[in-house]
$ cat data.txt   # compact mmCIF, C-alpha atoms and all ligand atoms
# COMPACT_ATOMS: atom_id res chain seq x y z
CA MET N 208 93.23 134.74 91.11
CA ASN N 209 91.80 138.10 92.10
CA PRO N 210 94.08 140.71 93.65
CA LYS N 211 93.67 141.35 97.36
CA ALA N 212 90.81 143.79 97.90
CA ARG N 213 91.70 147.23 99.27
CA LYS N 214 89.28 148.47 101.87
CA GLN N 215 89.96 152.17 101.35
CA PHE N 216 88.75 151.88 97.75
CA GLY N 217 85.61 149.95 98.69
CA GLN N 218 86.79 146.93 96.73
CA HIS N 219 84.54 143.85 96.64
CA TRP N 220 84.85 141.62 93.59
CA LEU N 221 81.55 140.52 92.17
CA ASN N 222 81.65 136.80 91.42
CA SER N 223 78.05 135.96 90.65
CA GLU N 224 77.15 135.11 87.05
CA LYS N 225 73.53 135.68 87.93
CA ALA N 226 74.11 139.23 89.18
CA LEU N 227 76.31 140.05 86.16
CA ASN N 228 73.59 138.80 83.81
CA ARG N 229 70.98 140.95 85.51
CA ILE N 230 73.18 144.06 85.32
CA VAL N 231 73.93 143.53 81.64
CA ALA N 232 70.27 142.82 80.80
CA ALA N 233 69.12 145.92 82.70
CA ALA N 234 71.46 148.07 80.60
CA ASN N 235 69.60 147.06 77.41
CA LEU N 236 72.83 147.38 75.44
CA GLN N 237 72.77 148.68 71.86
CA PRO N 238 75.59 148.57 69.29
CA SER N 239 75.66 152.39 69.30
CA ASP N 240 76.01 152.69 73.09
CA ARG N 241 79.02 154.43 74.57
CA LEU N 242 79.35 153.31 78.16
CA LEU N 243 80.98 154.81 81.19
CA GLU N 244 82.02 152.39 83.91
CA ILE N 245 83.18 153.57 87.33
CA GLY N 246 85.50 151.21 89.22
CA PRO N 247 86.03 148.36 86.73
CA GLY N 248 88.15 146.53 89.32
CA THR N 249 89.36 143.29 87.77
CA GLY N 250 87.25 143.88 84.67
CA ILE N 251 84.68 141.16 85.26
CA LEU N 252 81.77 143.40 84.28
CA THR N 253 83.78 145.32 81.66
CA ARG N 254 84.45 142.11 79.73
CA ARG N 255 80.75 141.43 79.51
CA LEU N 256 79.96 144.91 78.22
CA LEU N 257 82.64 145.36 75.56
CA PRO N 258 81.39 142.96 72.84
CA ASP N 259 77.91 144.51 72.69
CA VAL N 260 78.59 148.24 72.47
CA GLU N 261 80.49 150.87 70.52
CA SER N 262 82.81 151.69 73.41
CA VAL N 263 83.46 151.51 77.14
CA VAL N 264 85.45 154.14 79.00
CA ALA N 265 86.30 153.01 82.52
CA VAL N 266 87.65 155.10 85.39
CA GLU N 267 89.65 153.21 88.00
CA ILE N 268 91.46 154.82 90.94
CA ASP N 269 93.74 151.91 91.86
CA ARG N 270 97.03 151.97 89.91
CA ASP N 271 97.78 148.28 90.40
CA LEU N 272 94.36 147.35 89.07
CA CYS N 273 94.92 149.63 86.09
CA GLU N 274 98.08 147.71 85.26
CA LEU N 275 96.18 144.47 85.49
CA LEU N 276 93.35 145.82 83.33
CA VAL N 277 95.78 146.99 80.67
CA LYS N 278 97.24 143.46 80.55
CA LYS N 279 93.80 141.88 80.36
CA LEU N 280 91.87 144.28 78.15
CA GLY N 281 94.48 146.68 76.77
CA ASN N 282 94.39 145.30 73.24
CA ILE N 283 90.62 145.63 72.83
CA ASP N 284 89.87 148.51 70.45
CA ASN N 285 86.69 149.80 72.01
CA PHE N 286 88.09 149.97 75.56
CA LEU N 287 89.63 153.05 77.13
CA LEU N 288 90.93 153.10 80.69
CA LEU N 289 91.44 156.29 82.68
CA GLN N 290 93.33 156.10 85.93
CA GLY N 291 92.05 158.53 88.57
CA ASP N 292 89.38 159.46 91.05
CA PHE N 293 86.03 159.55 89.26
CA LEU N 294 84.79 162.29 91.59
CA THR N 295 87.46 164.80 90.67
CA LEU N 296 88.11 163.76 87.07
CA ASP N 297 86.89 166.12 84.36
CA LEU N 298 85.92 163.62 81.67
CA ASN N 299 85.23 165.91 78.71
CA PRO N 300 88.74 167.26 78.12
CA LEU N 301 90.25 163.84 78.78
CA LEU N 302 88.01 162.27 76.15
CA ALA N 303 88.50 165.04 73.60
CA PRO N 304 91.28 163.16 71.71
CA PHE N 305 89.16 159.97 71.55
CA PRO N 306 86.03 160.53 69.42
CA GLN N 307 84.83 156.95 69.86
CA PHE N 308 84.56 157.45 73.61
CA GLN N 309 83.18 160.98 73.83
CA ASN N 310 79.80 161.71 75.42
CA PRO N 311 79.01 158.31 76.89
CA ASN N 312 75.23 157.83 76.89
CA LYS N 313 74.92 155.13 79.55
CA VAL N 314 76.59 154.28 82.85
CA VAL N 315 76.93 150.69 84.00
CA ALA N 316 78.88 150.09 87.19
CA ASN N 317 79.40 148.24 90.40
CA ILE N 318 80.46 151.28 92.37
CA PRO N 319 82.43 151.71 95.62
CA TYR N 320 79.73 152.07 98.28
CA ASN N 321 81.65 154.55 100.42
CA ILE N 322 81.17 157.26 97.77
CA THR N 323 77.68 156.38 96.47
CA GLY N 324 76.18 159.78 97.32
CA PRO N 325 78.86 161.86 95.55
CA ILE N 326 78.82 159.50 92.54
CA LEU N 327 75.03 159.89 92.21
CA GLU N 328 75.41 163.64 92.43
CA LYS N 329 78.09 163.71 89.77
CA LEU N 330 76.04 161.51 87.43
CA LEU N 331 72.67 163.18 87.98
CA GLY N 332 73.46 166.67 89.20
CA THR N 333 71.22 168.29 91.78
CA ILE N 334 67.68 169.68 91.89
CA ALA N 335 69.05 173.14 91.20
CA GLN N 336 71.55 171.94 88.59
CA PRO N 337 70.65 168.68 86.87
CA ALA N 338 73.54 167.18 84.91
CA VAL N 339 73.68 168.29 81.27
CA PRO N 340 73.69 166.41 78.98
CA ALA N 341 71.78 163.76 80.92
CA PHE N 342 72.62 160.07 80.51
CA ASP N 343 70.00 157.92 78.77
CA LEU N 344 70.31 155.25 81.41
CA ILE N 345 72.30 154.50 84.56
CA VAL N 346 72.53 150.96 85.95
CA LEU N 347 74.26 150.68 89.31
CA LEU N 348 74.97 148.03 91.87
CA VAL N 349 74.62 149.78 95.22
CA GLN N 350 74.11 149.04 98.88
CA LYS N 351 70.55 147.71 99.36
CA GLU N 352 69.65 150.34 101.93
CA VAL N 353 70.55 153.11 99.46
CA ALA N 354 68.73 151.32 96.63
CA GLU N 355 65.58 151.23 98.75
CA ARG N 356 65.78 154.96 99.30
CA LEU N 357 66.22 155.62 95.58
CA TYR N 358 63.02 153.89 94.45
CA ALA N 359 60.98 154.47 97.65
CA SER N 360 57.38 155.66 97.35
CA PRO N 361 56.11 158.51 99.50
CA GLY N 362 54.67 157.23 102.77
CA SER N 363 57.21 154.42 103.07
CA LYS N 364 59.92 154.43 105.72
CA ALA N 365 62.73 154.61 103.16
CA PHE N 366 61.38 157.78 101.51
CA GLY N 367 63.75 160.56 102.51
CA ALA N 368 65.55 163.63 101.23
CA LEU N 369 67.71 161.45 98.94
CA SER N 370 64.55 159.96 97.39
CA VAL N 371 63.16 163.40 96.59
CA ARG N 372 66.48 164.74 95.30
CA VAL N 373 67.09 161.79 93.00
CA GLN N 374 63.48 161.28 91.89
CA TYR N 375 63.30 164.94 90.94
CA VAL N 376 65.93 164.34 88.25
CA ALA N 377 65.46 160.64 87.43
CA GLU N 378 62.99 157.79 87.43
CA CYS N 379 64.29 154.99 89.65
CA GLU N 380 63.61 151.29 89.27
CA PHE N 381 64.54 148.27 91.34
CA ILE N 382 66.11 145.50 89.25
CA CYS N 383 67.18 142.78 91.69
CA ASP N 384 68.73 141.98 95.03
CA VAL N 385 72.34 140.85 95.21
CA PRO N 386 73.31 139.04 98.42
CA ALA N 387 76.59 139.84 100.19
CA LYS N 388 77.91 136.38 99.32
CA ALA N 389 77.89 137.30 95.62
CA PHE N 390 81.11 139.24 96.34
CA SER N 391 84.58 138.37 97.46
CA PRO N 392 85.27 139.52 100.09
CA PRO N 393 81.57 139.86 101.01
CA PRO N 394 80.61 143.38 102.11
CA LYS N 395 78.88 143.80 105.49
CA VAL N 396 75.64 144.76 103.76
CA ASP N 397 73.39 143.31 101.06
CA SER N 398 73.23 145.00 97.69
CA ALA N 399 70.77 145.68 94.89
CA VAL N 400 70.84 146.68 91.25
CA VAL N 401 68.94 149.85 90.39
CA ARG N 402 68.23 151.52 87.07
CA LEU N 403 67.87 155.29 86.77
CA HIS N 404 66.35 157.11 83.80
CA PRO N 405 67.31 160.79 84.02
CA ARG N 406 64.36 163.03 83.10
CA ARG N 407 62.73 166.28 84.18
CA VAL N 408 59.68 166.16 86.46
CA GLU N 409 56.63 167.91 85.11
CA PRO N 410 55.86 170.59 86.01
CA PRO N 411 59.33 171.65 87.17
CA ALA N 412 60.00 173.74 90.26
CA ASN N 413 59.89 177.49 89.55
CA ASP N 414 62.73 177.99 91.96
CA PRO N 415 64.77 174.77 92.23
CA GLN N 416 67.11 176.34 94.80
CA LYS N 417 64.15 176.97 97.06
CA LEU N 418 62.91 173.40 96.58
CA GLU N 419 66.34 172.14 97.60
CA THR N 420 66.26 174.21 100.80
CA PHE N 421 62.72 173.10 101.64
CA VAL N 422 63.57 169.44 101.14
CA ARG N 423 66.68 169.72 103.28
CA LEU N 424 64.83 171.41 106.15
CA GLY N 425 61.62 169.44 105.68
CA PHE N 426 63.43 166.18 106.39
CA ALA N 427 65.69 167.65 109.09
CA SER N 428 63.83 165.92 111.89
CA LYS N 429 62.01 162.90 110.51
CA ARG N 430 59.57 162.42 113.39
CA LYS N 431 58.31 166.00 113.30
CA MET N 432 55.43 167.27 111.22
CA LEU N 433 56.43 169.11 108.06
CA ARG N 434 55.06 172.41 109.32
CA ASN N 435 57.29 172.21 112.40
CA ASN N 436 60.40 171.39 110.39
CA LEU N 437 59.68 174.31 108.07
CA LYS N 438 58.70 176.86 110.69
CA SER N 439 61.89 178.88 110.26
CA LEU N 440 61.02 179.35 106.56
CA ILE N 441 57.29 179.78 106.55
CA ASP N 442 54.63 180.75 109.03
CA ARG N 443 52.82 177.66 110.35
CA ASP N 444 49.33 178.97 109.62
CA ARG N 445 50.25 179.95 106.11
CA LEU N 446 51.71 176.50 105.47
CA THR N 447 48.65 174.81 106.96
CA HIS N 448 46.47 176.83 104.64
CA LEU N 449 48.64 175.99 101.62
CA LEU N 450 48.68 172.28 102.40
CA GLU N 451 44.88 172.31 102.68
CA GLN N 452 44.66 174.07 99.34
CA LEU N 453 46.76 171.30 97.80
CA ASN N 454 44.58 168.64 99.44
CA ILE N 455 47.40 167.55 101.70
CA ASN N 456 46.72 166.77 105.34
CA PRO N 457 48.33 169.67 107.29
CA GLN N 458 49.71 167.17 109.78
CA VAL N 459 51.86 165.37 107.21
CA ARG N 460 55.48 164.50 107.70
CA ALA N 461 58.03 165.15 104.98
CA GLU N 462 58.19 161.48 104.06
CA ASP N 463 54.50 161.44 103.08
CA ILE N 464 54.80 164.06 100.35
CA SER N 465 55.47 163.01 96.76
CA VAL N 466 58.00 164.79 94.55
CA GLN N 467 55.16 166.40 92.56
CA GLN N 468 53.61 167.65 95.81
CA TRP N 469 56.95 169.07 96.94
CA VAL N 470 57.13 170.96 93.67
CA ALA N 471 53.52 172.16 93.91
CA LEU N 472 54.08 173.32 97.47
CA THR N 473 57.23 175.34 96.78
CA ASN N 474 55.74 176.75 93.57
CA GLU N 475 52.91 178.21 95.65
CA LEU N 476 55.25 180.04 97.99
N1 LIG E 501 83.42 146.44 89.11
C1 LIG E 501 84.25 145.53 89.89
C2 LIG E 501 84.81 146.19 91.16
C3 LIG E 501 83.84 146.83 92.10
S1 LIG E 501 84.59 147.35 93.60
C4 LIG E 501 83.47 144.27 90.18
O1 LIG E 501 82.27 144.25 89.96
O2 LIG E 501 84.06 143.28 90.62
C5 LIG E 501 84.72 149.10 93.35
C6 LIG E 501 85.80 149.52 92.38
O3 LIG E 501 85.82 150.96 92.36
C7 LIG E 501 87.21 149.10 92.77
O4 LIG E 501 87.86 148.62 91.63
C8 LIG E 501 87.88 150.38 93.28
O5 LIG E 501 89.27 150.41 93.14
C9 LIG E 501 87.18 151.42 92.43
N2 LIG E 501 87.16 152.79 93.00
C10 LIG E 501 87.06 153.15 94.30
N3 LIG E 501 87.01 154.49 94.44
C11 LIG E 501 87.08 155.01 93.17
C12 LIG E 501 87.07 156.33 92.66
N4 LIG E 501 86.99 157.40 93.45
N5 LIG E 501 87.18 156.50 91.31
C13 LIG E 501 87.25 155.42 90.47
N6 LIG E 501 87.25 154.15 90.92
C14 LIG E 501 87.17 153.92 92.26

$ encode --input "data.txt" --output "structure tokens" --more "lines below"
Ligand code: SAH
Amino acid sequence: MNPKARKQFGQHWLNSEKALNRIVAAANLQPSDRLLEIGPGTGILTRRLLPDVESVVAVEIDRDLCELLVKKLGNIDNFLLLQGDFLTLDLNPLLAPFPQFQNPNKVVANIPYNITGPILEKLLGTIAQPAVPAFDLIVLLVQKEVAERLYASPGSKAFGALSVRVQYVAECEFICDVPAKAFSPPPKVDSAVVRLHPRRVEPPANDPQKLETFVRLGFASKRKMLRNNLKSLIDRDRLTHLLEQLNINPQVRAEDISVQQWVALTNEL
């Protein structure tokens, strides 16, 4: 029997073998992998990961669940459980006494949807400050609407500021859909598994801080043309001229510009 799910912690227990198989396969587990899991819950995913890797360190905020996890998985050598809020936890010093768990190279997790944005930022960093060292691979079960934004192509409705911010620091792939009924209790929304490969875009932005500001303002009003959204930062005629130079239609909206074009544009300024 699963414990009663707590809403404030975004708890929804995954109970689909099919979804678990897809998550595990997407992680392409290697015997040398050291995994980080956020929100192990009842340990259903954790159990699947442990036999195939060097170690799994899991961070769980819910004390009662931690007790349960210790009972279930506490005697497994390559499992370490940390109780706390992943967002505020400083992993490095906590892992210092445990060499087998230091510097996890992959993240595999069914995360609490209410803090997806901050989790992504902690795992990937930002345009101005990408996370160092970067993970080799990150496999996450997220809300479908967020998943769509992560792997969106320019020109599609889902392509927004989040797409540019994340795609600047990572390649994003869709793995599979996971229907709400795969969870108990079912969340109000459908879900999807995504896989992120942190990497640097080439060429990088000369001034990442500036790129961040341009992206934020460029998407401020989605229906407006880019040059109108950016008019407080750059003269309209100058921007028109620059866009033409880069072979971009001067009437574009922010959502039509690829990450590479965003970089090219801010590098010219
Ligand atoms: N992985 C499990 C549970 C997913 S539900 C499964 O697939 O069934 C999300 C989990 O994240 C819950 O266990 C919840 O308690 C935990 N959680 C919520 N907020 C957290 C935070 N800030 N830090 C760490 N864990 C958190």

$ axis_aligned_box --input "data.txt" --around "ligand LIG 501 (chain E)" --padding-each-side "4 Å" --output "AutoDock Vina command-line options"
--center_x 85.8 --center_y 150.3 --center_z 91.8 --size_x 15.0 --size_y 22.1 --size_z 13.3

$ atom_distance --input "data.txt" --atom1 "CA of Lys431 (chain N)" --atom2 "CA of Pro411 (chain N)"
26.8 Å

$ closest_residue --input "data.txt" --among "N:Phe286, N:Val400, N:Lys278, N:Ala338" --to "ligand LIG 501 (chain E)" --atoms "all atoms listed in the file"
N:Val400

$ closest_residue --input "data.txt" --among "N:Phe305, N:Tyr358, N:Phe366, N:Phe390" --to "ligand LIG 501 (chain E)" --atoms "all atoms listed in the file"
N:Phe390

$ closest_atom_pairs --input "data.txt" --of "chain N" --to "ligand LIG 501 (chain E)" --cutoff "6 Å" --atoms "all atoms listed in the file" --output "Markdown table"
| residue | atom | partner | partner_atom | distance |
| --- | --- | --- | --- | --- |
| N:Phe216 | CA | E:LIG501 | C10 | 4.0 |
| N:Gly217 | CA | E:LIG501 | C5 | 5.5 |
| N:Gln218 | CA | E:LIG501 | S1 | 3.8 |
| N:His219 | CA | E:LIG501 | S1 | 4.6 |
| N:Trp220 | CA | E:LIG501 | O2 | 3.5 |
| N:Leu221 | CA | E:LIG501 | O2 | 4.0 |
| N:Ile245 | CA | E:LIG501 | N6 | 5.5 |
| N:Gly246 | CA | E:LIG501 | O3 | 3.2 |
| N:Pro247 | CA | E:LIG501 | N1 | 4.0 |
| N:Gly248 | CA | E:LIG501 | O4 | 3.1 |
| N:Thr249 | CA | E:LIG501 | C1 | 6.0 |
| N:Ile251 | CA | E:LIG501 | O2 | 5.8 |
| N:Leu252 | CA | E:LIG501 | O1 | 5.8 |
| N:Val266 | CA | E:LIG501 | C13 | 5.1 |
| N:Glu267 | CA | E:LIG501 | N6 | 3.9 |
| N:Ile268 | CA | E:LIG501 | N6 | 4.3 |
| N:Asp269 | CA | E:LIG501 | O5 | 4.9 |
| N:Gly291 | CA | E:LIG501 | N5 | 5.9 |
| N:Asp292 | CA | E:LIG501 | N5 | 3.7 |
| N:Phe293 | CA | E:LIG501 | N5 | 3.9 |
| N:Leu294 | CA | E:LIG501 | N4 | 5.7 |
| N:Asn317 | CA | E:LIG501 | N1 | 4.6 |
| N:Ile318 | CA | E:LIG501 | C5 | 4.9 |
| N:Pro319 | CA | E:LIG501 | C5 | 4.1 |

$ closest_residue --input "data.txt" --among "N:Leu348, N:Ser370, N:Leu327, N:Ala387" --to "Val401 (chain N)" --atoms "all atoms listed in the file"
N:Leu348

$ atom_distance --input "data.txt" --atom1 "CA of Arg255 (chain N)" --atom2 "CA of Asp343 (chain N)"
19.7 Å

$ residues_around --input "data.txt" --residues "Arg430 (chain N)" --least-positions-apart "2" --cutoff "9 Å" --atoms "only C-alpha atoms" --output "list in words"
Phe426, Ser428, Met432, Arg460 and Ala461 of chain N

$ atom_distance --input "data.txt" --atom1 "CA of Trp469 (chain N)" --atom2 "CA of Ala354 (chain N)"
21.3 Å

$ residues_around --input "data.txt" --residues "Gly324 (chain N)" --least-positions-apart "3" --cutoff "12 Å" --atoms "only C-alpha atoms" --output "count of residues only"
23

$ residues_around --input "data.txt" --residues "Asn282 (chain N)" --least-positions-apart "6" --cutoff "12 Å" --atoms "all atoms listed in the file" --output "number ranges by chain"
N: 257, 276, 288

$ write_last_selection --input "data.txt" --atoms "C-alpha atoms" --output "tab-separated table (two decimals), keeping the file's coordinate frame"
chain	number	residue	atom	x	y	z
N	257	LEU	CA	82.64	145.36	75.56
N	276	LEU	CA	93.35	145.82	83.33
N	288	LEU	CA	90.93	153.10	80.69

$ closest_residue --input "data.txt" --among "N:Leu301, N:Ala365, N:Val470, N:Ile382" --to "Val346 (chain N)" --atoms "all atoms listed in the file"
N:Ile382

$ closest_residue --input "data.txt" --among "N:Ala389, N:Ile334, N:Ala316, N:Cys383" --to "Pro415 (chain N)" --atoms "only C-alpha atoms"
N:Ile334

$ residues_around --input "data.txt" --residues "Ile441 (chain N)" --least-positions-apart "4" --cutoff "12 Å" --atoms "all atoms listed in the file" --output "MDAnalysis selection string"
chainID N and resid 421 424:425 433:437 445:449 472:473 475:476

$ closest_atom_pairs --input "data.txt" --of "region 282-386 of chain N" --to "region 231-244 of chain N" --cutoff "6 Å" --atoms "all atoms listed in the file" --output "Markdown table"
| residue | atom | partner | partner_atom | distance |
| --- | --- | --- | --- | --- |
| N:Pro311 | CA | N:Arg241 | CA | 4.5 |
| N:Asn312 | CA | N:Arg241 | CA | 5.6 |
| N:Lys313 | CA | N:Leu242 | CA | 5.0 |
| N:Val314 | CA | N:Leu243 | CA | 4.7 |
| N:Val315 | CA | N:Glu244 | CA | 5.4 |
| N:Ala316 | CA | N:Glu244 | CA | 5.1 |

$ write_last_selection --input "data.txt" --atoms "C-alpha atoms" --output "mmCIF file, in the coordinates of the input"
data_model
loop_
_atom_site.group_PDB
_atom_site.id
_atom_site.type_symbol
_atom_site.label_atom_id
_atom_site.label_comp_id
_atom_site.auth_asym_id
_atom_site.auth_seq_id
_atom_site.Cartn_x
_atom_site.Cartn_y
_atom_site.Cartn_z
ATOM 1 C CA PRO N 311 79.010 158.310 76.890
ATOM 2 C CA ASN N 312 75.230 157.830 76.890
ATOM 3 C CA LYS N 313 74.920 155.130 79.550
ATOM 4 C CA VAL N 314 76.590 154.280 82.850
ATOM 5 C CA VAL N 315 76.930 150.690 84.000
ATOM 6 C CA ALA N 316 78.880 150.090 87.190
#

$ closest_residue --input "data.txt" --among "N:Val264, N:Glu224, N:Cys379, N:Pro394" --to "Leu302 (chain N)" --atoms "only C-alpha atoms"
N:Val264

$ build_atoms --input "data.txt" --residues "region 283-312 of chain N" --atoms "N, CA and C atoms" --output "tab-separated table (two decimals), in the coordinates of the input"
chain	number	residue	atom	x	y	z
N	283	ILE	N	91.98	145.57	73.39
N	283	ILE	CA	90.62	145.63	72.83
N	283	ILE	C	90.34	147.07	72.37
N	284	ASP	N	89.98	147.19	71.08
N	284	ASP	CA	89.87	148.51	70.45
N	284	ASP	C	88.87	149.45	71.07
N	285	ASN	N	87.74	148.90	71.53
N	285	ASN	CA	86.69	149.80	72.01
N	285	ASN	C	86.73	150.00	73.53
N	286	PHE	N	87.92	149.77	74.12
N	286	PHE	CA	88.09	149.97	75.56
N	286	PHE	C	89.11	151.06	75.84
N	287	LEU	N	88.71	151.99	76.71
N	287	LEU	CA	89.63	153.05	77.13
N	287	LEU	C	89.63	153.10	78.65
N	288	LEU	N	90.82	153.07	79.23
N	288	LEU	CA	90.93	153.10	80.69
N	288	LEU	C	91.53	154.42	81.14
N	289	LEU	N	90.88	155.06	82.09
N	289	LEU	CA	91.44	156.29	82.68
N	289	LEU	C	91.75	156.00	84.14
N	290	GLN	N	92.99	156.31	84.53
N	290	GLN	CA	93.33	156.10	85.93
N	290	GLN	C	93.10	157.39	86.70
N	291	GLY	N	92.29	157.34	87.76
N	291	GLY	CA	92.05	158.53	88.57
N	291	GLY	C	90.82	158.37	89.42
N	292	ASP	N	90.53	159.44	90.16
N	292	ASP	CA	89.38	159.46	91.05
N	292	ASP	C	88.18	159.98	90.25
N	293	PHE	N	87.18	159.15	90.07
N	293	PHE	CA	86.03	159.55	89.26
N	293	PHE	C	85.44	160.87	89.73
N	294	LEU	N	85.47	161.10	91.05
N	294	LEU	CA	84.79	162.29	91.59
N	294	LEU	C	85.46	163.59	91.18
N	295	THR	N	86.77	163.55	90.98
N	295	THR	CA	87.46	164.80	90.67
N	295	THR	C	87.86	164.90	89.19
N	296	LEU	N	87.70	163.79	88.47
N	296	LEU	CA	88.11	163.76	87.07
N	296	LEU	C	87.16	164.60	86.21
N	297	ASP	N	87.72	165.39	85.31
N	297	ASP	CA	86.89	166.12	84.36
N	297	ASP	C	86.93	165.35	83.04
N	298	LEU	N	85.90	164.57	82.79
N	298	LEU	CA	85.92	163.62	81.67
N	298	LEU	C	86.04	164.26	80.29
N	299	ASN	N	85.30	165.35	80.07
N	299	ASN	CA	85.23	165.91	78.71
N	299	ASN	C	86.58	166.20	78.09
N	300	PRO	N	87.44	166.99	78.75
N	300	PRO	CA	88.74	167.26	78.12
N	300	PRO	C	89.60	166.01	77.95
N	301	LEU	N	89.46	165.07	78.89
N	301	LEU	CA	90.25	163.84	78.78
N	301	LEU	C	89.81	163.00	77.57
N	302	LEU	N	88.53	163.09	77.25
N	302	LEU	CA	88.01	162.27	76.15
N	302	LEU	C	88.11	162.98	74.80
N	303	ALA	N	88.45	164.26	74.84
N	303	ALA	CA	88.50	165.04	73.60
N	303	ALA	C	89.33	164.37	72.49
N	304	PRO	N	90.50	163.78	72.80
N	304	PRO	CA	91.28	163.16	71.71
N	304	PRO	C	90.71	161.82	71.23
N	305	PHE	N	89.66	161.32	71.87
N	305	PHE	CA	89.16	159.97	71.55
N	305	PHE	C	87.69	160.00	71.13
N	306	PRO	N	87.41	160.35	69.86
N	306	PRO	CA	86.03	160.53	69.42
N	306	PRO	C	85.12	159.34	69.75
N	307	GLN	N	85.65	158.14	69.65
N	307	GLN	CA	84.83	156.95	69.86
N	307	GLN	C	84.29	156.85	71.29
N	308	PHE	N	84.92	157.59	72.19
N	308	PHE	CA	84.56	157.45	73.61
N	308	PHE	C	83.87	158.69	74.18
N	309	GLN	N	83.75	159.72	73.33
N	309	GLN	CA	83.18	160.98	73.83
N	309	GLN	C	81.69	160.83	74.14
N	310	ASN	N	81.23	161.65	75.06
N	310	ASN	CA	79.80	161.71	75.42
N	310	ASN	C	79.17	160.35	75.65
N	311	PRO	N	79.67	159.59	76.60
N	311	PRO	CA	79.01	158.31	76.89
N	311	PRO	C	77.53	158.54	77.20
N	312	ASN	N	76.68	157.63	76.69
N	312	ASN	CA	75.23	157.83	76.89
N	312	ASN	C	74.65	156.96	78.00
